[in-house]
Structure formats: structure tokens, C-alpha cells
Amino acid sequence: MWITLFLFKIICFSMSQAVGGNNSFKTQKPLRCEDVLLHCTQSSLFWTRCYEERTAACELKRRIFGFSRQTVNSSLEGDMNPTFHHRIHIPSSAFKGAATTVMASVINSTYFKLSPPQKSRFQFHRREGTVLGGLVLAVKAVNMTENGEIIRNLLQPIMLFFKHNKKSSQITDGTCVFWQESDNGTGYWSVKGCKTNKTEDEFICSCDHLSFFAVLVIVTNLEAEKLSYITYIGSALSVVFTFISLIVFIWLHRRCPEKATGLHMQLTGAMFCLHLSFLLCSFWEWLRKNEDSSICLVLGLFLHWSLLATLTWSALEGFQIYLLLIRVFNIYIRRYLLKLCLVGWGFPTLVATICGISGVYGKYTLQLRETKNGNSTAQMCWISSDFQSKRPLVSYITTVAFPLLVVVFNACMLGLVVCKMRKLRSDDKKMSFVSSSDWKEINKEKRKRLWRDCVTVLGLSCVLGLPWGLASTTYVSLAGIYIFTILNSLQGVFIFLWSVGLARKS
């Protein structure tokens with residue numbers, strides 16, 4: 001008898017747990033509205049369903065930018081502005097007579113994972129494009145009298161307004177879409193049930209249901225195209241001028257074999273390889289867009305090796321200045337240039353070989369982000385994007401930390417050069433005793449000397465690789481990106497001018 005009673009209690013307990021489990025979502029303590037998105041994306045694969053139910057019952061204690069809640073009934077229309085760029089108009093006849101709570105929020109489009117395109121009748125309404133502003137407008141409604149039932153279909157369409165930059169010519173077209181979720185947590189953008197109209201400064205969407213809405217636009221990345229042209233033209237000029245500079249330095253070295261000339265010759269050779277490999281990597285990927293080939297791996301290795309070689313020889317140029325200005329005496333090193341070559345070419349070869357064996361190189365996808373209108377991608381042969389996502393330390397050390405150390409060291413060396421030059425000029429002033437009648441000649445000579453000093457400092461800045469330090473300005477403004485691109489793509493031209501100056505001086 002007691003065994004039967006025990007089994008009965010277990011069954012009753014299990015049934016109560018099952019019922020409790022089904023209703024636990026509703027009986028849990030409501031989340032704050034600002035925490036719903038984070039909670040759903042972390043706890044559920046189908047986060048959109050979780051978001052719909054949670055926003056219906058979340059606690060809204062203060063006004064949140066990007067989130068709005070309003071009650072609508074048959075006698076009261078709704079107008080909601082979750083952000084300055086998004087507006088929703090809900091006609092009073094959109095819902096049944098009962099009072100309805102409408103929630104509108106703005107979500108970043110990166111949370112919506114696209115499924116691979118399929119040629120089937122189920123995805124007939126699928127559309128591709130860039131989400132306007134990278135933002136998705138979520139509109140949900142809950143019936144307040146029927147146990148909080150979520151409403152999806154409408155009796156009359158609602159109007160959604162998406163503002164865009166009317167002065168921008170980058171947006172060529174736009175389509176109103178909603179998010180159609182698949183069974184595996186991914187989905188696609190569909191136009192079913194939505195109509196699109198466009199004015200000078202906004203897209204107007206008319207949709208007969210509630211969902212996650214967006215406007216897909218075709219964006220032409222004008223700034224990215226301009227920068228690409230500058231980079232390719234500058235690199236092509238650098239290839240030509242570094243080749244000419246290499247001939248000049250070889251001639252100078254044969255005529256008067258100096259250590260400094262030998263260093264400049266090696267740096268120019270590395271820079272020639274850098275700009276040539278960059279052009280090859282970019283154009284090969286442009287020609288073979290959809291193919292993964294071993295040639296791309298080799299070109300990626302060549303580009304990485306050339307970059308490391310250029311930076312290493314720039315650091316050795318700074319080391320040469322250190323010997324001349326700091327140590328001054330006892331700076332003779334037996335087979336000095338040979339030892340520098342072992343470092344300048346050996347170190348990049350060692351690193352590139354290890355990276356090549358580790359499978360570092362391949363197709364790299366570069367994200368081109370537009371300030372207002374979304375983003376696009378470009379590809380080239382470089383350190384593989386898949387490898388960077390798994391082991392970012394390799395890319396960080398070789399392309400961020402190492403260049404940073406070189407730039408900081410060489411900037412200190414250039415500072416020493418400037419201090420020495422100022423000290424020499426001040427000593428010249430103390431030793432010069434001339435009559436007042438020669439003040440014009442003195443001022444003229446001062447201006448010439450100042451000009452020569454400025455040219456020397458600028459030339460040394462290029463030789464020491466300091467334009468690489470301008471990479472930090474690319475995070476500040478568009479002007480910083482242009483300055484960095486122009487100066488670094490034209491490095492070969494500056495080296496050529498430096499070689500011409502040395503040739504004239506000799």
C-alpha cells in the first residue's frame with residue numbers, strides 16, 4: 001500500500017513540475033526593458049521569440065532611447081518615435097476593439113544571422129542588401145484583455161518611417177522588409193506583406209503584420225572607392241620610384257661604399273617588395289574572387305614578409321642613428337652590413353616561415369564600414385580571416401605590436417636628431433660675430449638652413465617609417481584615413497626624393 005502511495009506522490013510531483021515548467025516563463029520576475037535583448041540573445045537560440053514575449057511584460061521604469069510603449073484602441077491612434085530616425089503610425093482600426101499595448105524598439109542588425117540563400121519557393125520573397133543605418137525596428141503588440149495574447153496580423157496596415165540622409169548619393173534604392181525566422185535560429189529578409197514608398201528624406205513602409213522591420217538599401221561606398229584608387233595609384237608609383245631609387249643607391253654605394261648608403265639600399269629593396277606584393281595580392285583576389293588557391297597563400301606570405309622586412313630595416317636605420325649620435329666612439333663593428341642583413345632579412349623570413357607552416361595565410365575579408373549607411377566587404381590575400389578569429393595573437397604581434405615598437409623607437413631617434421640640430425644651430429649663433437650691414441645675408445642663410453633642416457627631418461621621418469604611426473589617426477576621423485593612406489602609399493616617391501638629395505650632395 002505504501003509503495004502505491006509513494007508512486008502516486010511521485011507522479012503528482014512530476015505533473016506539477018511539468019505544469020510549472022510550462023508556466024515558468026510567465027511567472028518569472030519581469031526583466032527591465034533595457035536588459036531583455038541581452039538576456040534573450042544569451043539564453044535562447046530563437047531569441048526573437050523570447051524578445052517578443054519578454055518585451056510584453058518587461059518593467060519600464062524610465063525612458064529608454066530606442067524603446068517605446070503605447071496603448072492603442074479603436075478610438076485612439078498611435079504615433080511612436082523610438083529614435084529620431086524611426087517613426088510608427090498605427091491607425092485606430094488596425095486592431096480589434098479591445099485596448100492593445102504596442103511596443104517599438106530599435107535593435108542592431110548584427111543580431112540577425114542570415115541563412116544561406118536557397119532556390120526554393122519558400123524563399124521567393126527573400127531580398128538581399130545592406131540594412132539602412134544597421135538598425136532594425138521591432139514592433140510588437142499585446143492584447144490587454146485576452147491573457148496577454150501577442151498580435152501579429154493586422155486589420156489595417158501600419159506605417160513605418162525610416163529617415164535617411166537626403167544629401168547622400170550613396171543610397172540608390174531601398175526596400176521594406178521583415179525578418180522571416182528559420183528553424184535553426186537564422187533567417188532572411190522578406191518583402192511579403194510590405195510595400196515601399198520613398199520621399200526625399202525617408203522610406204515609408206506599409207505592412208499588414210507586426211514583426212522585425214528594416215529597409216534594405218544598395219550602398220555605394222564612395223569613400224572606400226576613393227581610398228582604394230589612392231592606394232593603388234600611390235603603390236604603383238612607389239613600385240616605379242623605389243626601383244629607380246634602388247638603382248641610384250646601388251650607384252652611390254659603388255662610387256662611395258658607406259654604411260648609411262648600404263642601409264638605404266636594403267630599406268628601398270624591402271619597400272619595393274612591399275608595394276609590389278600589395279598590388280599583386282589585391283589584384284589577384286580581384287581576378288579570382290571565388291577561388292581559394294595556393295597562389296593566394298604564397299602572395300599573402302610574400303606581403304607579410306615584405307611588411308616585416310620594411311619595418312625591420314626601418315628599425316635598423318634608427319639603430320644606425322643611435323650609433324652615430326649616442327655612442328659616437330667605438331662604433332666599428334666587423335662586417336657590420338652583413339650582420340645587419342642577417343637581422344633585416346633573416347628575422348622576417350623566420351617569422352613568415354613559421355606563420356606559413358602554421359597555416360596563417362589565405363583570404364582576408366576587410367569590413368568597410370560606412371558612417372551612416374551600413375557596411376560592405378573587400379577581400380585580399382593576407383593573413384586569413386578565419387585564422388585571425390581563432391588566434392588573433394599572431395596578427396596582433398606581427399602587425400600591431402611590432403610596428404608600434406619600431407615607430408616609438410624611431411620617433412625617439414628622430415627627436416635626438418632634432419635636439420642635436422638645434423644645439424648645433426645655437427652654437428653657430430654664439431660663434432658668429434658679424435657687422436650689422438650683413439644682417440640680410442645672415443637672415444637669408446638662416447632661412448636656407450632652416451629649409452634644409454626641415455627637409456632633412458621629413459626625409460628621415462620617411463626613412464625611419466614614422467608615417468606608419470599615423471595609423472592611430474584612422475580611428476579619429478576620415479581626414480586621418482586619407483592622410484595615412486596618401487603618405488604611406490607614396491613612401492616610394494619620398495624615398496626617391498631622398499635618394500636624389502643624397503646623390504646631389506655626393
# chains A, B, ... in the order shown; residues from 1 in each chain; ligands from 1

$ residues_around --residues "stretch 156-160 of chain A" --least-positions-apart "3" --cutoff "6 Å" --atoms "only C-alpha atoms" --output "MDAnalysis selection string"
chainID A and resid 87:90 94 204:208

$ write_last_selection --atoms "all heavy atoms" --output "mmCIF file, in the first residue's frame"
data_model
loop_
_atom_site.group_PDB
_atom_site.id
_atom_site.type_symbol
_atom_site.label_atom_id
_atom_site.label_comp_id
_atom_site.auth_asym_id
_atom_site.auth_seq_id
_atom_site.Cartn_x
_atom_site.Cartn_y
_atom_site.Cartn_z
ATOM 1 N N ARG A 87 9.899 56.283 -36.991
ATOM 2 C CA ARG A 87 8.566 56.682 -36.531
ATOM 3 C C ARG A 87 7.548 55.639 -36.967
ATOM 4 O O ARG A 87 7.680 55.047 -38.050
ATOM 5 C CB ARG A 87 8.198 58.058 -37.076
ATOM 6 C CG ARG A 87 6.844 58.587 -36.592
ATOM 7 C CD ARG A 87 6.700 60.059 -36.927
ATOM 8 N NE ARG A 87 6.599 60.283 -38.358
ATOM 9 C CZ ARG A 87 5.445 60.280 -39.045
ATOM 10 N NH1 ARG A 87 4.294 60.026 -38.412
ATOM 11 N NH2 ARG A 87 5.438 60.519 -40.340
ATOM 12 N N ILE A 88 6.533 55.412 -36.136
ATOM 13 C CA ILE A 88 5.494 54.418 -36.413
ATOM 14 C C ILE A 88 4.135 55.082 -36.267
ATOM 15 O O ILE A 88 3.867 55.739 -35.248
ATOM 16 C CB ILE A 88 5.596 53.223 -35.439
ATOM 17 C CG1 ILE A 88 7.000 52.631 -35.471
ATOM 18 C CG2 ILE A 88 4.556 52.160 -35.775
ATOM 19 C CD1 ILE A 88 7.339 51.835 -34.257
ATOM 20 N N HIS A 89 3.292 54.917 -37.256
ATOM 21 C CA HIS A 89 1.909 55.399 -37.182
ATOM 22 C C HIS A 89 0.971 54.197 -37.210
ATOM 23 O O HIS A 89 0.996 53.389 -38.142
ATOM 24 C CB HIS A 89 1.587 56.340 -38.339
ATOM 25 C CG HIS A 89 0.149 56.770 -38.348
ATOM 26 N ND1 HIS A 89 -0.372 57.681 -37.445
ATOM 27 C CD2 HIS A 89 -0.903 56.388 -39.140
ATOM 28 C CE1 HIS A 89 -1.654 57.854 -37.673
ATOM 29 N NE2 HIS A 89 -2.004 57.081 -38.697
ATOM 30 N N ILE A 90 0.140 54.082 -36.167
ATOM 31 C CA ILE A 90 -0.774 52.944 -36.032
ATOM 32 C C ILE A 90 -2.196 53.458 -36.116
ATOM 33 O O ILE A 90 -2.652 54.198 -35.236
ATOM 34 C CB ILE A 90 -0.559 52.221 -34.686
ATOM 35 C CG1 ILE A 90 0.916 51.854 -34.515
ATOM 36 C CG2 ILE A 90 -1.441 50.990 -34.581
ATOM 37 C CD1 ILE A 90 1.264 51.405 -33.132
ATOM 38 N N ALA A 94 -6.484 49.291 -36.804
ATOM 39 C CA ALA A 94 -5.521 48.214 -37.064
ATOM 40 C C ALA A 94 -5.806 46.992 -36.206
ATOM 41 O O ALA A 94 -5.549 45.859 -36.610
ATOM 42 C CB ALA A 94 -4.097 48.709 -36.823
ATOM 43 N N ILE A 204 9.048 55.011 -46.527
ATOM 44 C CA ILE A 204 7.762 54.770 -45.856
ATOM 45 C C ILE A 204 7.334 53.339 -46.165
ATOM 46 O O ILE A 204 7.138 52.970 -47.329
ATOM 47 C CB ILE A 204 6.691 55.760 -46.340
ATOM 48 C CG1 ILE A 204 7.167 57.200 -46.116
ATOM 49 C CG2 ILE A 204 5.378 55.512 -45.601
ATOM 50 C CD1 ILE A 204 6.254 58.244 -46.724
ATOM 51 N N CYS A 205 7.196 52.542 -45.107
ATOM 52 C CA CYS A 205 6.815 51.132 -45.252
ATOM 53 C C CYS A 205 5.385 50.940 -44.774
ATOM 54 O O CYS A 205 5.015 51.407 -43.684
ATOM 55 C CB CYS A 205 7.749 50.235 -44.440
ATOM 56 S SG CYS A 205 9.498 50.420 -44.857
ATOM 57 N N SER A 206 4.610 50.256 -45.570
ATOM 58 C CA SER A 206 3.238 49.901 -45.209
ATOM 59 C C SER A 206 3.156 48.385 -45.108
ATOM 60 O O SER A 206 3.286 47.684 -46.115
ATOM 61 C CB SER A 206 2.264 50.436 -46.260
ATOM 62 O OG SER A 206 0.953 49.997 -45.983
ATOM 63 N N CYS A 207 2.933 47.866 -43.877
ATOM 64 C CA CYS A 207 2.964 46.415 -43.637
ATOM 65 C C CYS A 207 1.689 45.969 -42.939
ATOM 66 O O CYS A 207 1.171 46.669 -42.052
ATOM 67 C CB CYS A 207 4.179 46.034 -42.801
ATOM 68 S SG CYS A 207 5.748 46.448 -43.596
ATOM 69 N N ASP A 208 1.194 44.765 -43.321
ATOM 70 C CA ASP A 208 -0.063 44.257 -42.783
ATOM 71 C C ASP A 208 0.127 43.310 -41.610
ATOM 72 O O ASP A 208 -0.781 42.567 -41.251
ATOM 73 C CB ASP A 208 -0.866 43.562 -43.887
ATOM 74 C CG ASP A 208 -0.101 42.397 -44.510
ATOM 75 O OD1 ASP A 208 0.985 42.051 -43.986
ATOM 76 O OD2 ASP A 208 -0.577 41.832 -45.524
#

$ residues_around --residues "stretch 489-498 of chain A" --least-positions-apart "3" --cutoff "6 Å" --atoms "only C-alpha atoms" --output "PDB file with N, CA, C and O atoms, in the first residue's frame"
ATOM      1  N   THR A 231      45.234  54.394 -52.986  1.00  0.00           N
ATOM      2  CA  THR A 231      46.185  53.362 -52.566  1.00  0.00           C
ATOM      3  C   THR A 231      46.827  52.674 -53.765  1.00  0.00           C
ATOM      4  O   THR A 231      48.059  52.499 -53.805  1.00  0.00           O
ATOM      5  N   GLY A 234      49.062  55.218 -55.673  1.00  0.00           N
ATOM      6  CA  GLY A 234      50.253  55.512 -54.873  1.00  0.00           C
ATOM      7  C   GLY A 234      51.215  54.342 -54.819  1.00  0.00           C
ATOM      8  O   GLY A 234      52.437  54.523 -54.939  1.00  0.00           O
ATOM      9  N   SER A 235      50.684  53.135 -54.660  1.00  0.00           N
ATOM     10  CA  SER A 235      51.557  51.956 -54.604  1.00  0.00           C
ATOM     11  C   SER A 235      52.225  51.693 -55.951  1.00  0.00           C
ATOM     12  O   SER A 235      53.398  51.297 -56.004  1.00  0.00           O
ATOM     13  N   SER A 238      54.964  54.069 -56.186  1.00  0.00           N
ATOM     14  CA  SER A 238      56.037  53.672 -55.266  1.00  0.00           C
ATOM     15  C   SER A 238      56.865  52.528 -55.848  1.00  0.00           C
ATOM     16  O   SER A 238      58.083  52.482 -55.667  1.00  0.00           O
ATOM     17  N   PHE A 241      59.172  54.227 -58.447  1.00  0.00           N
ATOM     18  CA  PHE A 241      60.188  55.115 -57.881  1.00  0.00           C
ATOM     19  C   PHE A 241      61.148  54.391 -56.935  1.00  0.00           C
ATOM     20  O   PHE A 241      62.305  54.781 -56.817  1.00  0.00           O
ATOM     21  N   THR A 242      60.684  53.358 -56.239  1.00  0.00           N
ATOM     22  CA  THR A 242      61.621  52.588 -55.411  1.00  0.00           C
ATOM     23  C   THR A 242      62.602  51.810 -56.288  1.00  0.00           C
ATOM     24  O   THR A 242      63.772  51.642 -55.918  1.00  0.00           O
ATOM     25  N   SER A 245      65.051  54.367 -57.277  1.00  0.00           N
ATOM     26  CA  SER A 245      65.875  54.694 -56.102  1.00  0.00           C
ATOM     27  C   SER A 245      66.885  53.597 -55.817  1.00  0.00           C
ATOM     28  O   SER A 245      68.017  53.879 -55.398  1.00  0.00           O
ATOM     29  N   THR A 485      46.679  57.094 -45.711  1.00  0.00           N
ATOM     30  CA  THR A 485      46.711  56.384 -46.999  1.00  0.00           C
ATOM     31  C   THR A 485      47.655  57.055 -47.983  1.00  0.00           C
ATOM     32  O   THR A 485      48.468  56.390 -48.639  1.00  0.00           O
ATOM     33  N   ILE A 486      47.577  58.380 -48.085  1.00  0.00           N
ATOM     34  CA  ILE A 486      48.409  59.106 -49.050  1.00  0.00           C
ATOM     35  C   ILE A 486      49.883  58.992 -48.699  1.00  0.00           C
ATOM     36  O   ILE A 486      50.724  58.661 -49.552  1.00  0.00           O
ATOM     37  N   GLY A 501      68.431  63.674 -53.318  1.00  0.00           N
ATOM     38  CA  GLY A 501      69.139  64.618 -52.459  1.00  0.00           C
ATOM     39  C   GLY A 501      70.513  64.114 -52.068  1.00  0.00           C
ATOM     40  O   GLY A 501      71.492  64.874 -52.074  1.00  0.00           O
TER      41      GLY A 501
END

$ select_by_dssp --residues "stretch 91-315 of chain A" --states "helix (DSSP H, G or I)" --output "number ranges by chain"
A: 92-94, 109-111, 121-123, 132-134, 222-255, 259-287, 294-315

$ select_by_dssp --residues "stretch 110-352 of chain A" --states "strand (DSSP E)" --output "JSON, numbers by chain"
{"A": [126, 127, 130, 131, 135, 136, 137, 138, 139, 140, 141, 142, 143, 150, 151, 153, 154, 155, 156, 157, 158, 159, 160, 161, 162, 163, 171, 172, 173, 174, 175, 176, 177, 178, 179, 180, 181, 187, 188, 189, 190, 194, 195, 196, 197, 198, 202, 203, 204, 205, 206, 207, 208, 209, 212, 213, 214, 215, 216, 217, 218, 219]}

$ residues_around --residues "A:Leu267" --least-positions-apart "3" --cutoff "12 Å" --atoms "only C-alpha atoms" --output "MDAnalysis selection string"
chainID A and resid 242:243 245:246 249 260:264 270:274 306:318 340:341 344:345 462:465 491:492 495:496 499

$ write_last_selection --atoms "C-alpha atoms" --output "PDB file, in the first residue's frame"
ATOM      1  CA  THR A 242      61.621  52.588 -55.411  1.00  0.00           C
ATOM      2  CA  PHE A 243      63.037  50.672 -58.371  1.00  0.00           C
ATOM      3  CA  SER A 245      65.875  54.694 -56.102  1.00  0.00           C
ATOM      4  CA  LEU A 246      67.378  51.221 -55.800  1.00  0.00           C
ATOM      5  CA  PHE A 249      71.613  53.766 -54.180  1.00  0.00           C
ATOM      6  CA  ALA A 260      74.391  54.536 -44.480  1.00  0.00           C
ATOM      7  CA  THR A 261      74.034  54.119 -48.254  1.00  0.00           C
ATOM      8  CA  GLY A 262      74.030  50.328 -47.883  1.00  0.00           C
ATOM      9  CA  LEU A 263      71.254  50.619 -45.274  1.00  0.00           C
ATOM     10  CA  HIS A 264      69.179  52.870 -47.542  1.00  0.00           C
ATOM     11  CA  ALA A 270      62.204  45.883 -48.881  1.00  0.00           C
ATOM     12  CA  MET A 271      59.844  48.762 -49.682  1.00  0.00           C
ATOM     13  CA  PHE A 272      59.830  47.795 -53.365  1.00  0.00           C
ATOM     14  CA  CYS A 273      58.784  44.250 -52.394  1.00  0.00           C
ATOM     15  CA  LEU A 274      56.092  45.628 -50.057  1.00  0.00           C
ATOM     16  CA  SER A 306      57.702  42.345 -47.115  1.00  0.00           C
ATOM     17  CA  LEU A 307      55.929  44.319 -44.385  1.00  0.00           C
ATOM     18  CA  LEU A 308      58.080  42.768 -41.653  1.00  0.00           C
ATOM     19  CA  ALA A 309      61.239  43.378 -43.727  1.00  0.00           C
ATOM     20  CA  THR A 310      60.358  47.048 -44.296  1.00  0.00           C
ATOM     21  CA  LEU A 311      59.695  47.613 -40.600  1.00  0.00           C
ATOM     22  CA  THR A 312      62.870  45.748 -39.585  1.00  0.00           C
ATOM     23  CA  TRP A 313      65.074  47.798 -41.908  1.00  0.00           C
ATOM     24  CA  SER A 314      63.396  50.984 -40.649  1.00  0.00           C
ATOM     25  CA  ALA A 315      64.332  49.926 -37.103  1.00  0.00           C
ATOM     26  CA  LEU A 316      67.929  49.266 -38.247  1.00  0.00           C
ATOM     27  CA  GLU A 317      68.024  52.782 -39.721  1.00  0.00           C
ATOM     28  CA  GLY A 318      67.110  54.046 -36.260  1.00  0.00           C
ATOM     29  CA  LEU A 340      72.522  43.895 -40.392  1.00  0.00           C
ATOM     30  CA  CYS A 341      71.424  41.889 -43.434  1.00  0.00           C
ATOM     31  CA  GLY A 344      66.960  42.676 -41.632  1.00  0.00           C
ATOM     32  CA  TRP A 345      66.194  39.742 -43.928  1.00  0.00           C
ATOM     33  CA  CYS A 462      60.121  58.613 -44.123  1.00  0.00           C
ATOM     34  CA  VAL A 463      63.321  56.563 -43.862  1.00  0.00           C
ATOM     35  CA  LEU A 464      62.510  55.705 -40.246  1.00  0.00           C
ATOM     36  CA  GLY A 465      58.975  54.603 -41.163  1.00  0.00           C
ATOM     37  CA  GLN A 491      56.580  56.123 -49.476  1.00  0.00           C
ATOM     38  CA  GLY A 492      58.470  55.071 -52.596  1.00  0.00           C
ATOM     39  CA  ILE A 495      62.479  57.601 -50.811  1.00  0.00           C
ATOM     40  CA  PHE A 496      63.234  58.598 -54.407  1.00  0.00           C
ATOM     41  CA  SER A 499      67.996  59.383 -52.918  1.00  0.00           C
TER      42      SER A 499
END

$ residues_around --residues "stretch 61-73 of chain A" --least-positions-apart "2" --cutoff "12 Å" --atoms "only C-alpha atoms" --output "PyMOL selection string"
chain A and resi 30-37+55-59+75-108+135-145

$ atom_distance --atom1 "atom CA of A:Glu52" --atom2 "atom CA of A:Ser211"
9.1 Å

$ closest_residue --among "A:Thr199, A:Asn443, A:Gln379, A:Ser461" --to "A:Met413" --atoms "only C-alpha atoms"
A:Ser461

$ residues_around --residues "A:Leu38" --least-positions-apart "5" --cutoff "10 Å" --atoms "only C-alpha atoms" --output "ChimeraX atom specification"
/A:43,47,51

$ closest_residue --among "A:Leu325, A:His209, A:Val298, A:Ser395" --to "A:Ser277" --atoms "only C-alpha atoms"
A:Val298
